[in-house]
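Source file: query.cif. Holds: mmCIF, C-alpha atoms and all ligand atoms.
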data_start
#
loop_
_atom_site.label_atom_id
_atom_site.label_comp_id
_atom_site.auth_asym_id
_atom_site.auth_seq_id
_atom_site.Cartn_x
_atom_site.Cartn_y
_atom_site.Cartn_z
CA MET P 17 -2.77 17.87 -18.32
CA THR P 18 -0.35 14.96 -18.34
CA ARG P 19 -0.73 11.72 -20.26
CA ILE P 20 -0.61 9.06 -17.54
CA ALA P 21 -0.65 5.26 -17.87
CA PHE P 22 -2.15 3.71 -14.72
CA ILE P 23 -1.58 -0.05 -14.34
CA GLY P 24 -3.23 -1.98 -11.50
CA LEU P 25 -6.74 -0.76 -10.71
CA GLY P 26 -7.58 -2.87 -7.67
CA ASN P 27 -8.79 -1.75 -4.23
CA MET P 28 -6.16 0.99 -4.07
CA GLY P 29 -5.31 1.73 -7.70
CA GLY P 30 -8.96 2.14 -8.69
CA GLY P 31 -9.46 5.15 -6.40
CA MET P 32 -6.03 6.61 -7.19
CA ALA P 33 -6.55 6.47 -10.98
CA ALA P 34 -10.00 8.04 -10.52
CA ASN P 35 -8.43 10.96 -8.63
CA LEU P 36 -5.90 11.58 -11.42
CA ALA P 37 -8.70 11.56 -14.00
CA LYS P 38 -10.70 13.94 -11.77
CA ALA P 39 -7.68 16.27 -11.63
CA GLY P 40 -7.92 16.58 -15.42
CA HIS P 41 -5.18 14.19 -16.60
CA ASP P 42 -5.48 11.95 -19.63
CA VAL P 43 -5.40 8.60 -17.81
CA ARG P 44 -4.95 5.42 -19.88
CA ALA P 45 -5.78 2.57 -17.53
CA PHE P 46 -5.05 -1.15 -17.62
CA ASP P 47 -5.79 -4.08 -15.32
CA LEU P 48 -6.02 -7.83 -15.97
CA SER P 49 -9.50 -7.70 -14.38
CA ALA P 50 -12.27 -6.60 -16.75
CA ASP P 51 -14.39 -5.45 -13.77
CA ALA P 52 -11.62 -3.21 -12.46
CA LEU P 53 -11.14 -1.76 -15.95
CA ALA P 54 -14.87 -1.06 -16.30
CA ARG P 55 -14.90 0.78 -12.94
CA ALA P 56 -11.92 2.89 -14.06
CA GLU P 57 -13.74 3.78 -17.28
CA GLU P 58 -16.79 4.89 -15.25
CA ALA P 59 -14.42 7.04 -13.18
CA GLY P 60 -13.17 8.90 -16.25
CA CYS P 61 -10.14 6.86 -17.37
CA LEU P 62 -9.63 5.59 -20.90
CA PRO P 63 -9.39 1.76 -20.81
CA ALA P 64 -6.48 0.08 -22.63
CA ALA P 65 -6.40 -3.51 -23.87
CA THR P 66 -2.84 -4.15 -22.63
CA ALA P 67 -0.21 -2.55 -20.43
CA VAL P 68 1.77 -1.74 -23.56
CA GLU P 69 -1.20 0.06 -25.12
CA ALA P 70 -1.67 2.12 -21.93
CA ALA P 71 2.05 2.99 -21.78
CA ASP P 72 2.53 3.83 -25.44
CA GLY P 73 3.26 7.58 -25.54
CA ALA P 74 2.76 8.08 -21.77
CA GLU P 75 4.63 10.87 -19.98
CA VAL P 76 4.11 9.23 -16.58
CA VAL P 77 3.40 5.61 -15.60
CA VAL P 78 1.87 4.79 -12.22
CA THR P 79 1.77 1.14 -11.11
CA MET P 80 -0.26 -0.18 -8.14
CA LEU P 81 0.29 -3.95 -8.27
CA PRO P 82 0.26 -6.73 -5.68
CA ALA P 83 4.00 -7.57 -5.37
CA GLY P 84 7.51 -7.22 -6.81
CA ALA P 85 7.13 -9.97 -9.42
CA HIS P 86 4.12 -8.16 -10.94
CA VAL P 87 5.99 -4.86 -11.09
CA GLU P 88 9.03 -6.45 -12.69
CA ALA P 89 6.87 -8.24 -15.31
CA VAL P 90 4.95 -5.07 -16.20
CA TYR P 91 8.15 -2.97 -16.42
CA ALA P 92 9.70 -5.58 -18.78
CA GLU P 93 6.67 -5.16 -21.06
CA ILE P 94 6.41 -1.37 -21.04
CA LEU P 95 10.03 -0.09 -20.87
CA PRO P 96 10.60 -0.81 -24.59
CA VAL P 97 7.59 1.31 -25.68
CA LEU P 98 7.91 4.29 -23.31
CA PRO P 99 9.28 7.62 -24.54
CA PRO P 100 12.80 8.24 -23.11
CA ALA P 101 11.52 11.21 -21.07
CA ALA P 102 8.92 9.07 -19.27
CA LEU P 103 8.73 9.05 -15.46
CA LEU P 104 7.83 5.75 -13.74
CA ILE P 105 6.21 5.84 -10.30
CA ASP P 106 5.64 2.51 -8.57
CA CYS P 107 3.20 2.87 -5.66
CA SER P 108 2.94 -0.88 -4.91
CA THR P 109 4.42 -2.26 -1.69
CA ILE P 110 7.31 -4.45 -2.83
CA ASP P 111 10.74 -5.62 -1.64
CA VAL P 112 13.62 -3.14 -1.63
CA ALA P 113 15.81 -5.24 -3.94
CA THR P 114 13.18 -5.36 -6.71
CA ALA P 115 12.46 -1.63 -6.29
CA ARG P 116 16.17 -0.86 -6.81
CA ARG P 117 16.44 -3.30 -9.73
CA VAL P 118 13.50 -1.86 -11.70
CA ALA P 119 14.80 1.69 -11.09
CA GLU P 120 18.17 0.61 -12.58
CA GLN P 121 16.42 -1.01 -15.55
CA ALA P 122 14.56 2.24 -16.22
CA ALA P 123 17.78 4.27 -15.80
CA ALA P 124 19.54 2.02 -18.32
CA LYS P 125 16.96 3.26 -20.86
CA GLY P 126 17.53 6.86 -19.82
CA MET P 127 14.27 7.04 -17.85
CA VAL P 128 13.65 8.12 -14.28
CA ALA P 129 11.86 5.80 -11.83
CA VAL P 130 10.84 6.27 -8.19
CA ASP P 131 9.33 3.94 -5.60
CA ALA P 132 6.40 5.65 -3.85
CA PRO P 133 4.52 3.19 -1.62
CA VAL P 134 1.58 4.50 0.35
CA SER P 135 0.19 4.57 3.84
CA GLY P 136 -3.58 4.80 4.25
CA GLY P 137 -6.12 2.26 3.12
CA ILE P 138 -8.85 2.00 0.51
CA ALA P 139 -10.81 4.94 1.94
CA ALA P 140 -7.74 7.20 1.76
CA ALA P 141 -7.04 6.03 -1.82
CA ALA P 142 -10.59 6.98 -2.81
CA ALA P 143 -10.52 10.27 -0.90
CA GLY P 144 -7.09 11.28 -2.25
CA SER P 145 -5.61 11.49 1.24
CA LEU P 146 -2.79 8.92 1.06
CA THR P 147 0.72 9.46 2.44
CA PHE P 148 3.45 8.71 -0.12
CA MET P 149 7.01 7.80 0.91
CA VAL P 150 9.30 8.31 -2.04
CA GLY P 151 12.64 6.74 -2.91
CA GLY P 152 14.61 8.09 -5.85
CA GLY P 153 16.82 10.92 -7.12
CA ASP P 154 16.12 14.67 -6.91
CA ASP P 155 14.80 14.84 -10.47
CA GLY P 156 12.45 11.87 -9.95
CA PHE P 157 11.13 13.28 -6.69
CA SER P 158 10.50 16.77 -8.03
CA ARG P 159 8.69 15.38 -11.08
CA ALA P 160 6.66 12.81 -9.11
CA GLU P 161 5.63 15.13 -6.26
CA PRO P 162 2.92 17.16 -8.09
CA ILE P 163 1.33 13.99 -9.51
CA LEU P 164 1.37 12.20 -6.14
CA ALA P 165 -0.01 15.31 -4.39
CA GLN P 166 -3.19 14.88 -6.45
CA MET P 167 -3.71 11.47 -4.82
CA GLY P 168 -2.54 12.21 -1.31
CA LYS P 169 -2.25 14.53 1.66
CA ALA P 170 1.53 14.10 2.13
CA VAL P 171 4.43 13.31 -0.19
CA ILE P 172 7.64 12.70 1.73
CA ARG P 173 11.11 12.02 0.37
CA ALA P 174 12.59 8.98 2.06
CA GLY P 175 15.95 8.85 0.26
CA ALA P 176 17.50 7.11 -2.76
CA ALA P 177 15.88 4.31 -4.82
CA GLY P 178 14.28 1.68 -2.55
CA ALA P 179 14.15 4.02 0.47
CA GLY P 180 10.38 4.48 0.09
CA GLN P 181 9.92 0.72 0.36
CA ALA P 182 12.29 0.57 3.34
CA ALA P 183 10.21 3.25 5.12
CA LYS P 184 6.97 1.44 4.26
CA MET P 185 8.05 -1.92 5.65
CA CYS P 186 9.48 -0.41 8.84
CA ASN P 187 6.24 1.55 9.32
CA ASN P 188 4.11 -1.54 8.81
CA MET P 189 6.29 -3.59 11.13
CA ILE P 190 5.36 -1.06 13.85
CA LEU P 191 1.71 -1.30 12.78
CA GLY P 192 1.63 -5.14 12.95
CA ALA P 193 3.31 -5.21 16.36
CA THR P 194 1.18 -2.41 17.87
CA MET P 195 -2.03 -3.99 16.57
CA VAL P 196 -1.18 -7.30 18.26
CA ALA P 197 -0.18 -5.48 21.47
CA THR P 198 -3.40 -3.42 21.42
CA CYS P 199 -5.52 -6.54 20.86
CA GLU P 200 -3.91 -8.47 23.68
CA ALA P 201 -4.25 -5.50 26.04
CA PHE P 202 -8.00 -5.28 25.32
CA ALA P 203 -8.28 -9.06 25.86
CA LEU P 204 -6.40 -8.89 29.17
CA ALA P 205 -8.38 -5.83 30.27
CA GLY P 206 -11.59 -7.78 29.63
CA LYS P 207 -10.36 -10.78 31.65
CA LEU P 208 -9.51 -8.40 34.50
CA GLY P 209 -13.09 -7.18 34.48
CA LEU P 210 -12.47 -3.83 32.78
CA ASP P 211 -15.08 -2.47 30.42
CA ALA P 212 -13.62 -2.07 26.87
CA GLN P 213 -14.91 1.51 26.57
CA ALA P 214 -13.46 2.46 29.97
CA PHE P 215 -10.09 0.96 29.02
CA TYR P 216 -10.17 2.81 25.67
CA ASP P 217 -11.00 6.11 27.38
CA ILE P 218 -7.97 5.68 29.66
CA ALA P 219 -5.37 4.14 27.29
CA SER P 220 -6.22 6.43 24.38
CA VAL P 221 -5.03 9.43 26.43
CA SER P 222 -2.25 7.56 28.23
CA SER P 223 1.11 6.10 27.20
CA GLY P 224 -0.49 2.99 25.66
CA GLN P 225 -2.02 5.12 22.91
CA SER P 226 -1.12 4.30 19.29
CA TRP P 227 -2.66 4.59 15.81
CA SER P 228 -3.78 0.95 16.21
CA MET P 229 -5.84 2.03 19.19
CA THR P 230 -7.22 5.46 18.39
CA SER P 231 -7.55 5.34 14.59
CA TYR P 232 -8.12 1.63 14.03
CA CYS P 233 -9.53 0.28 17.29
CA PRO P 234 -9.89 -3.54 16.97
CA VAL P 235 -12.91 -3.67 19.35
CA PRO P 236 -16.40 -3.15 17.82
CA GLY P 237 -18.33 -0.17 19.14
CA VAL P 238 -15.29 1.47 20.71
CA GLY P 239 -13.42 4.46 19.25
CA PRO P 240 -13.98 5.71 15.68
CA GLU P 241 -15.77 3.55 13.11
CA THR P 242 -13.29 0.88 11.92
CA PRO P 243 -13.44 -2.54 10.18
CA ALA P 244 -14.19 -4.03 13.64
CA ASP P 245 -17.64 -2.40 13.32
CA ARG P 246 -18.19 -4.23 10.00
CA ASP P 247 -17.29 -7.66 11.32
CA TYR P 248 -13.70 -7.09 10.10
CA GLN P 249 -14.70 -6.92 6.41
CA GLY P 250 -12.84 -4.58 4.04
CA GLY P 251 -9.96 -2.53 5.42
CA PHE P 252 -6.40 -3.88 5.25
CA ALA P 253 -6.40 -7.62 4.62
CA THR P 254 -4.49 -9.94 6.96
CA ALA P 255 -2.81 -11.43 3.85
CA LEU P 256 -1.42 -7.99 2.91
CA MET P 257 -0.22 -7.30 6.46
CA LEU P 258 1.48 -10.70 6.40
CA LYS P 259 3.09 -9.83 3.06
CA ASP P 260 4.53 -6.63 4.58
CA LEU P 261 5.79 -8.43 7.71
CA ARG P 262 7.48 -11.02 5.50
CA LEU P 263 9.12 -8.24 3.46
CA ALA P 264 10.35 -6.70 6.73
CA ALA P 265 11.70 -10.08 7.90
CA GLU P 266 13.51 -10.62 4.60
CA ALA P 267 15.01 -7.13 4.74
CA ALA P 268 16.01 -7.58 8.41
CA GLU P 269 17.80 -10.83 7.58
CA GLN P 270 19.67 -9.26 4.68
CA ALA P 271 20.62 -6.24 6.79
CA GLY P 272 21.54 -8.30 9.89
CA ALA P 273 18.94 -6.43 11.99
CA ASN P 274 17.37 -7.96 15.11
CA THR P 275 13.56 -7.49 14.99
CA PRO P 276 12.04 -9.74 17.67
CA MET P 277 8.66 -7.91 17.88
CA GLY P 278 8.30 -7.87 14.10
CA THR P 279 9.16 -11.58 14.02
CA ARG P 280 6.54 -12.44 16.66
CA ALA P 281 3.89 -10.35 14.90
CA ARG P 282 4.70 -12.16 11.63
CA GLU P 283 4.38 -15.57 13.33
CA LEU P 284 0.98 -14.64 14.77
CA TYR P 285 -0.30 -13.29 11.43
CA GLU P 286 1.07 -16.40 9.66
CA ALA P 287 -0.97 -18.63 12.00
CA PHE P 288 -4.08 -16.44 11.61
CA ALA P 289 -3.84 -16.51 7.79
CA ALA P 290 -3.17 -20.27 7.80
CA ASP P 291 -6.45 -20.72 9.73
CA GLY P 292 -8.26 -19.26 6.70
CA HIS P 293 -8.56 -15.61 7.82
CA GLY P 294 -6.32 -14.02 5.17
CA ALA P 295 -9.17 -11.96 3.71
CA LEU P 296 -10.30 -10.50 7.07
CA ASP P 297 -9.05 -7.09 8.18
CA PHE P 298 -5.79 -7.44 10.15
CA SER P 299 -7.40 -6.12 13.35
CA ALA P 300 -9.50 -9.35 13.42
CA ILE P 301 -6.47 -11.02 15.02
CA ILE P 302 -8.12 -9.95 18.30
CA LYS P 303 -10.37 -12.99 17.85
CA THR P 304 -7.40 -15.26 18.62
CA LEU P 305 -6.30 -13.44 21.77
P1 LIG P 401 -5.57 -5.53 -5.29
O1 LIG P 401 -5.26 -6.99 -5.35
O2 LIG P 401 -6.94 -5.07 -4.96
O3 LIG P 401 -5.15 -4.84 -6.69
C1 LIG P 401 -4.08 -5.25 -7.50
C2 LIG P 401 -4.56 -5.18 -8.94
O4 LIG P 401 -3.46 -5.48 -9.81
C3 LIG P 401 -5.65 -6.20 -9.28
O5 LIG P 401 -6.79 -5.54 -9.78
C4 LIG P 401 -4.99 -7.11 -10.33
O6 LIG P 401 -5.91 -7.59 -11.31
C5 LIG P 401 -3.97 -6.17 -10.92
N1 LIG P 401 -2.88 -6.85 -11.61
C6 LIG P 401 -2.10 -7.88 -11.20
N2 LIG P 401 -1.18 -8.18 -12.13
C7 LIG P 401 -1.36 -7.31 -13.15
C8 LIG P 401 -0.72 -7.12 -14.40
N3 LIG P 401 0.31 -7.88 -14.81
N4 LIG P 401 -1.19 -6.13 -15.21
C9 LIG P 401 -2.24 -5.35 -14.82
N5 LIG P 401 -2.89 -5.50 -13.66
C10 LIG P 401 -2.44 -6.47 -12.83
O7 LIG P 401 -4.50 -4.92 -4.25
P2 LIG P 401 -4.58 -3.50 -3.52
O8 LIG P 401 -5.23 -3.65 -2.20
O9 LIG P 401 -5.04 -2.47 -4.49
O10 LIG P 401 -3.02 -3.29 -3.21
C11 LIG P 401 -2.11 -2.88 -4.24
C12 LIG P 401 -0.76 -2.61 -3.57
O11 LIG P 401 -0.92 -1.58 -2.58
C13 LIG P 401 -0.17 -3.82 -2.85
O12 LIG P 401 1.23 -3.82 -3.08
C14 LIG P 401 -0.51 -3.55 -1.39
O13 LIG P 401 0.40 -4.16 -0.49
C15 LIG P 401 -0.44 -2.04 -1.32
N6 LIG P 401 -1.25 -1.40 -0.26
C16 LIG P 401 -2.52 -1.80 -0.02
C17 LIG P 401 -3.27 -1.18 0.99
C18 LIG P 401 -4.69 -1.59 1.30
O14 LIG P 401 -5.23 -1.12 2.32
N7 LIG P 401 -5.33 -2.41 0.47
C19 LIG P 401 -2.70 -0.13 1.74
C20 LIG P 401 -1.39 0.28 1.44
C21 LIG P 401 -0.67 -0.36 0.43
#
Now, as a test, write the supplied structure out as structure tokens.
Amino acid sequence: MTRIAFIGLGNMGGGMAANLAKAGHDVRAFDLSADALARAEEAGCLPAATAVEAADGAEVVVTMLPAGAHVEAVYAEILPVLPPAALLIDCSTIDVATARRVAEQAAAKGMVAVDAPVSGGIAAAAAGSLTFMVGGGDDGFSRAEPILAQMGKAVIRAGAAGAGQAAKMCNNMILGATMVATCEAFALAGKLGLDAQAFYDIASVSSGQSWSMTSYCPVPGVGPETPADRDYQGGFATALMLKDLRLAAEAAEQAGANTPMGTRARELYEAFAADGHGALDFSAIIKTL
């Protein structure tokens, strides 16, 4: 049993913290939201009144927060109270520069930190079947792996600090672009008189196949059950997809990389969010095509 501080108990963190408690760890949980904290308590975690209280004496800290600024603020609060042997695992999706900076701040205190963003949505967080992509040193990876394995189906080393975030944003740039391409292909197929199911049956076993089509089909009633079958509620919010595409754009600019498909996907998601659809699942962009 490990003493774990879990900070950020939202859509993703709530299920992840519950899985660590279920695995028998002593999980001290904190979130700014009283509702999220109450759900974590029901799931077997011990609620803390502050991040510092959760972190005090923790062997491992897991954070699952919205963006880099939140992670940096929480680390500034907890680093002074953590034992020097503590391991910090940030599972949030944040920019590479912040991920590297917080790892350096932890290292300056003699602690080990890794970035370990996830692939898989709320259902995978609850089921403990996430994929983790980990950036950090050998020691950080070997210590983080058994903890992450209790929340996921795959834990993969991406490289040094920040590499997990780099892998995550490149992956989600593919996801954004393939979702738009899949949506526009269904729209065109419809205008050409093709039945959506017939097109799915063909493309899903042809070269147009992708995860966006066969695991997350944007058309209701076609393929496996997806947010499209729930009027695009739940799932992966357009606002979060836009956040990831903006992180990719920022990273591409800094690295001097040319990413025209990622750029176009970001523009389309920016327009969709600006029309008030930020809370809808990202596959709802099919409504605009
Ligand atoms: P969420 O908004 O549901 O949860 C974030 C939680 O952090 C909230 O409960 C909020 O109250 C809490 N929080 C914010 N600031 C805090 C602070 N200073 N101290 C304590 N708690 C604080 O978001 P989510 O969907 O759980 O996503 C979390 C992260 O995971 C994001 O970086 C997101 O991009 C990433 N992600 C999400 C999904 C998804 O499908 N939702 C999939 C993969 C990755």
request  = Check the smallest atom-to-atom distance from each of P:Ala37, P:Met257, P:Leu103, P:Asp211 to ligand LIG 401 (chain P) using only C-alpha atoms and all ligand atoms, then report the winner.
outcome  =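 Smallest distance to ligand LIG 401 (chain P) is found for P:Met257.
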Residue nearest ligand LIG 401 (chain P) - candidates P:Val112, P:Met28, P:Ala265, P:Ala170, atoms counted: all atoms listed in the file =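 Using all atoms listed in the file, ligand LIG 401 (chain P) sits closest to P:Met28.
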Distance filter 8 Å around ligand LIG 401 (chain P), atoms: all atoms listed in the file, out as a ChimeraX atom specification = /P:23-30,46-49,52,66-67,80-83,86-87,89-90,107-110,133-138,251-253,256-257,259-260
Selection near segment 281-284 of chain P, 9 Å with only C-alpha atoms, sequence-local residues under 5 positions removed, as a ChimeraX atom specification = /P:189,192-196,257-258,260-262,265,276,289,301
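Comparing the minimum interatomic distances between Ala113 of chain P and each of P:Ala71, P:Ala142, P:Ala85, P:Val43, counting only C-alpha atoms, we find that P:Ala85 sits nearest.
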query = What's the 10 Å shell around Val77 of chain P, counting all atoms listed in the file, without same-chain residues fewer than 4 positions away, as number ranges by chain?
reply = P: 19-23, 43-45, 70-71, 91, 94, 98, 102-106, 129
message = What's around Gly175 of chain P at 9 Å? Count all atoms listed in the file, leave out sequence neighbours fewer than 3 positions away in its own chain, and write the answer as a list of chain:residue names.
response =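 Once the adjacent positions are removed, what remains is P:Val150, P:Gly151, P:Gly152, P:Gly153, P:Gly178, P:Ala179, P:Gly180.
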query = Mind pulling up the distance from atom CA of Asn35 of chain P to atom CA of Asp154 of chain P?
reply = 24.9 Å
request  = Find the distance between atom CA of Lys207 of chain P and atom CA of Asn188 of chain P and write it in Å to one decimal.
outcome  =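 Separating atom CA of Lys207 of chain P from atom CA of Asn188 of chain P is a distance of 28.6 Å.
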task = Tell me which protein, DNA and RNA residues are within 9 Å of Ser145 of chain P, counting all atoms listed in the file, leaving out same-chain ones fewer than 6 positions away, and put them as an NGL selection string.
result = :P and (136 or 139 or 165-170)
message = List the spatial neighbours of Gln121 of chain P as a PyMOL selection string - criterion: any atom at most 10 Å away, all atoms listed in the file, same-chain residues fewer than 5 positions off excluded.
response = chain P and resi 88+91-92+95+116+126-129
task = Quote the spacing between atom CA of Ala290 of chain P and atom CA of Ala255 of chain P in Å to one decimal place.
result =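 Computing the Euclidean distance for atom CA of Ala290 of chain P and atom CA of Ala255 of chain P yields 9.7 Å.
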With 5 Å of padding per side, what axis-aligned box (centre and edge lengths, Å, one decimal) covers all the listed atoms of segment 243-257 of chain P? Give it as lines of an AutoDock Vina configuration file.
center_x = -9.2
center_y = -6.9
center_z = 8.3
size_x = 28.0
size_y = 19.0
size_z = 20.7
ask   = Which of these residues is nearest to Glu69 of chain P, using all atoms listed in the file: P:Gly84, P:Ala119, P:Ile302, P:Val97?
value =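 Among P:Gly84, P:Ala119, P:Ile302, P:Val97, it is P:Val97 that comes nearest to Glu69 of chain P.
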inquiry  = Which residue is closest to Gln249 of chain P? Choose from P:Phe298, P:Phe288, P:Trp227, P:Tyr216 and count all atoms listed in the file.
reply    = P:Phe298
request  = Measuring atom to atom with only C-alpha atoms, identify which of P:Pro240, P:Ala300, P:Ala177, P:Ala123 is nearest to Met149 of chain P.
outcome  =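 Ranked by minimum distance to Met149 of chain P, first place goes to P:Ala177.
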Assuming the input is short of atoms at segment 255-273 of chain P, produce N, CA and C atoms for that part as a PDB file, in the coordinates of the input.
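Saved file rebuild-v7.pdb follows:
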ATOM      1  N   ALA P 255      -3.802 -10.907   4.808  1.00  0.00           N
ATOM      2  CA  ALA P 255      -2.810 -11.430   3.850  1.00  0.00           C
ATOM      3  C   ALA P 255      -1.826 -10.337   3.428  1.00  0.00           C
ATOM      4  N   LEU P 256      -2.324  -9.080   3.311  1.00  0.00           N
ATOM      5  CA  LEU P 256      -1.420  -7.990   2.910  1.00  0.00           C
ATOM      6  C   LEU P 256      -0.516  -7.581   4.070  1.00  0.00           C
ATOM      7  N   MET P 257      -1.070  -7.587   5.298  1.00  0.00           N
ATOM      8  CA  MET P 257      -0.220  -7.300   6.460  1.00  0.00           C
ATOM      9  C   MET P 257       0.875  -8.358   6.565  1.00  0.00           C
ATOM     10  N   LEU P 258       0.492  -9.625   6.332  1.00  0.00           N
ATOM     11  CA  LEU P 258       1.480 -10.700   6.400  1.00  0.00           C
ATOM     12  C   LEU P 258       2.548 -10.504   5.326  1.00  0.00           C
ATOM     13  N   LYS P 259       2.118 -10.098   4.134  1.00  0.00           N
ATOM     14  CA  LYS P 259       3.090  -9.830   3.060  1.00  0.00           C
ATOM     15  C   LYS P 259       4.111  -8.790   3.526  1.00  0.00           C
ATOM     16  N   ASP P 260       3.625  -7.701   4.144  1.00  0.00           N
ATOM     17  CA  ASP P 260       4.530  -6.630   4.580  1.00  0.00           C
ATOM     18  C   ASP P 260       5.468  -7.109   5.697  1.00  0.00           C
ATOM     19  N   LEU P 261       4.930  -7.938   6.622  1.00  0.00           N
ATOM     20  CA  LEU P 261       5.790  -8.430   7.710  1.00  0.00           C
ATOM     21  C   LEU P 261       6.842  -9.397   7.171  1.00  0.00           C
ATOM     22  N   ARG P 262       6.484 -10.135   6.129  1.00  0.00           N
ATOM     23  CA  ARG P 262       7.480 -11.020   5.500  1.00  0.00           C
ATOM     24  C   ARG P 262       8.554 -10.206   4.775  1.00  0.00           C
ATOM     25  N   LEU P 263       8.136  -9.108   4.121  1.00  0.00           N
ATOM     26  CA  LEU P 263       9.120  -8.240   3.460  1.00  0.00           C
ATOM     27  C   LEU P 263      10.081  -7.656   4.504  1.00  0.00           C
ATOM     28  N   ALA P 264       9.514  -7.261   5.657  1.00  0.00           N
ATOM     29  CA  ALA P 264      10.350  -6.700   6.730  1.00  0.00           C
ATOM     30  C   ALA P 264      11.326  -7.757   7.247  1.00  0.00           C
ATOM     31  N   ALA P 265      10.838  -8.998   7.384  1.00  0.00           N
ATOM     32  CA  ALA P 265      11.700 -10.080   7.900  1.00  0.00           C
ATOM     33  C   ALA P 265      12.846 -10.356   6.928  1.00  0.00           C
ATOM     34  N   GLU P 266      12.503 -10.374   5.640  1.00  0.00           N
ATOM     35  CA  GLU P 266      13.510 -10.620   4.600  1.00  0.00           C
ATOM     36  C   GLU P 266      14.582  -9.514   4.629  1.00  0.00           C
ATOM     37  N   ALA P 267      14.089  -8.269   4.736  1.00  0.00           N
ATOM     38  CA  ALA P 267      15.010  -7.130   4.740  1.00  0.00           C
ATOM     39  C   ALA P 267      15.873  -7.169   6.009  1.00  0.00           C
ATOM     40  N   ALA P 268      15.261  -7.536   7.149  1.00  0.00           N
ATOM     41  CA  ALA P 268      16.010  -7.580   8.410  1.00  0.00           C
ATOM     42  C   ALA P 268      17.113  -8.634   8.322  1.00  0.00           C
ATOM     43  N   GLU P 269      16.800  -9.773   7.707  1.00  0.00           N
ATOM     44  CA  GLU P 269      17.800 -10.830   7.580  1.00  0.00           C
ATOM     45  C   GLU P 269      18.964 -10.361   6.710  1.00  0.00           C
ATOM     46  N   GLN P 270      18.612  -9.735   5.579  1.00  0.00           N
ATOM     47  CA  GLN P 270      19.670  -9.260   4.680  1.00  0.00           C
ATOM     48  C   GLN P 270      20.526  -8.187   5.334  1.00  0.00           C
ATOM     49  N   ALA P 271      19.894  -7.351   6.177  1.00  0.00           N
ATOM     50  CA  ALA P 271      20.620  -6.240   6.790  1.00  0.00           C
ATOM     51  C   ALA P 271      21.271  -6.633   8.125  1.00  0.00           C
ATOM     52  N   GLY P 272      20.995  -7.875   8.597  1.00  0.00           N
ATOM     53  CA  GLY P 272      21.540  -8.300   9.890  1.00  0.00           C
ATOM     54  C   GLY P 272      20.911  -7.545  11.051  1.00  0.00           C
ATOM     55  N   ALA P 273      19.623  -7.167  10.917  1.00  0.00           N
ATOM     56  CA  ALA P 273      18.940  -6.430  11.990  1.00  0.00           C
ATOM     57  C   ALA P 273      18.147  -7.408  12.863  1.00  0.00           C
TER      58      ALA P 273
END
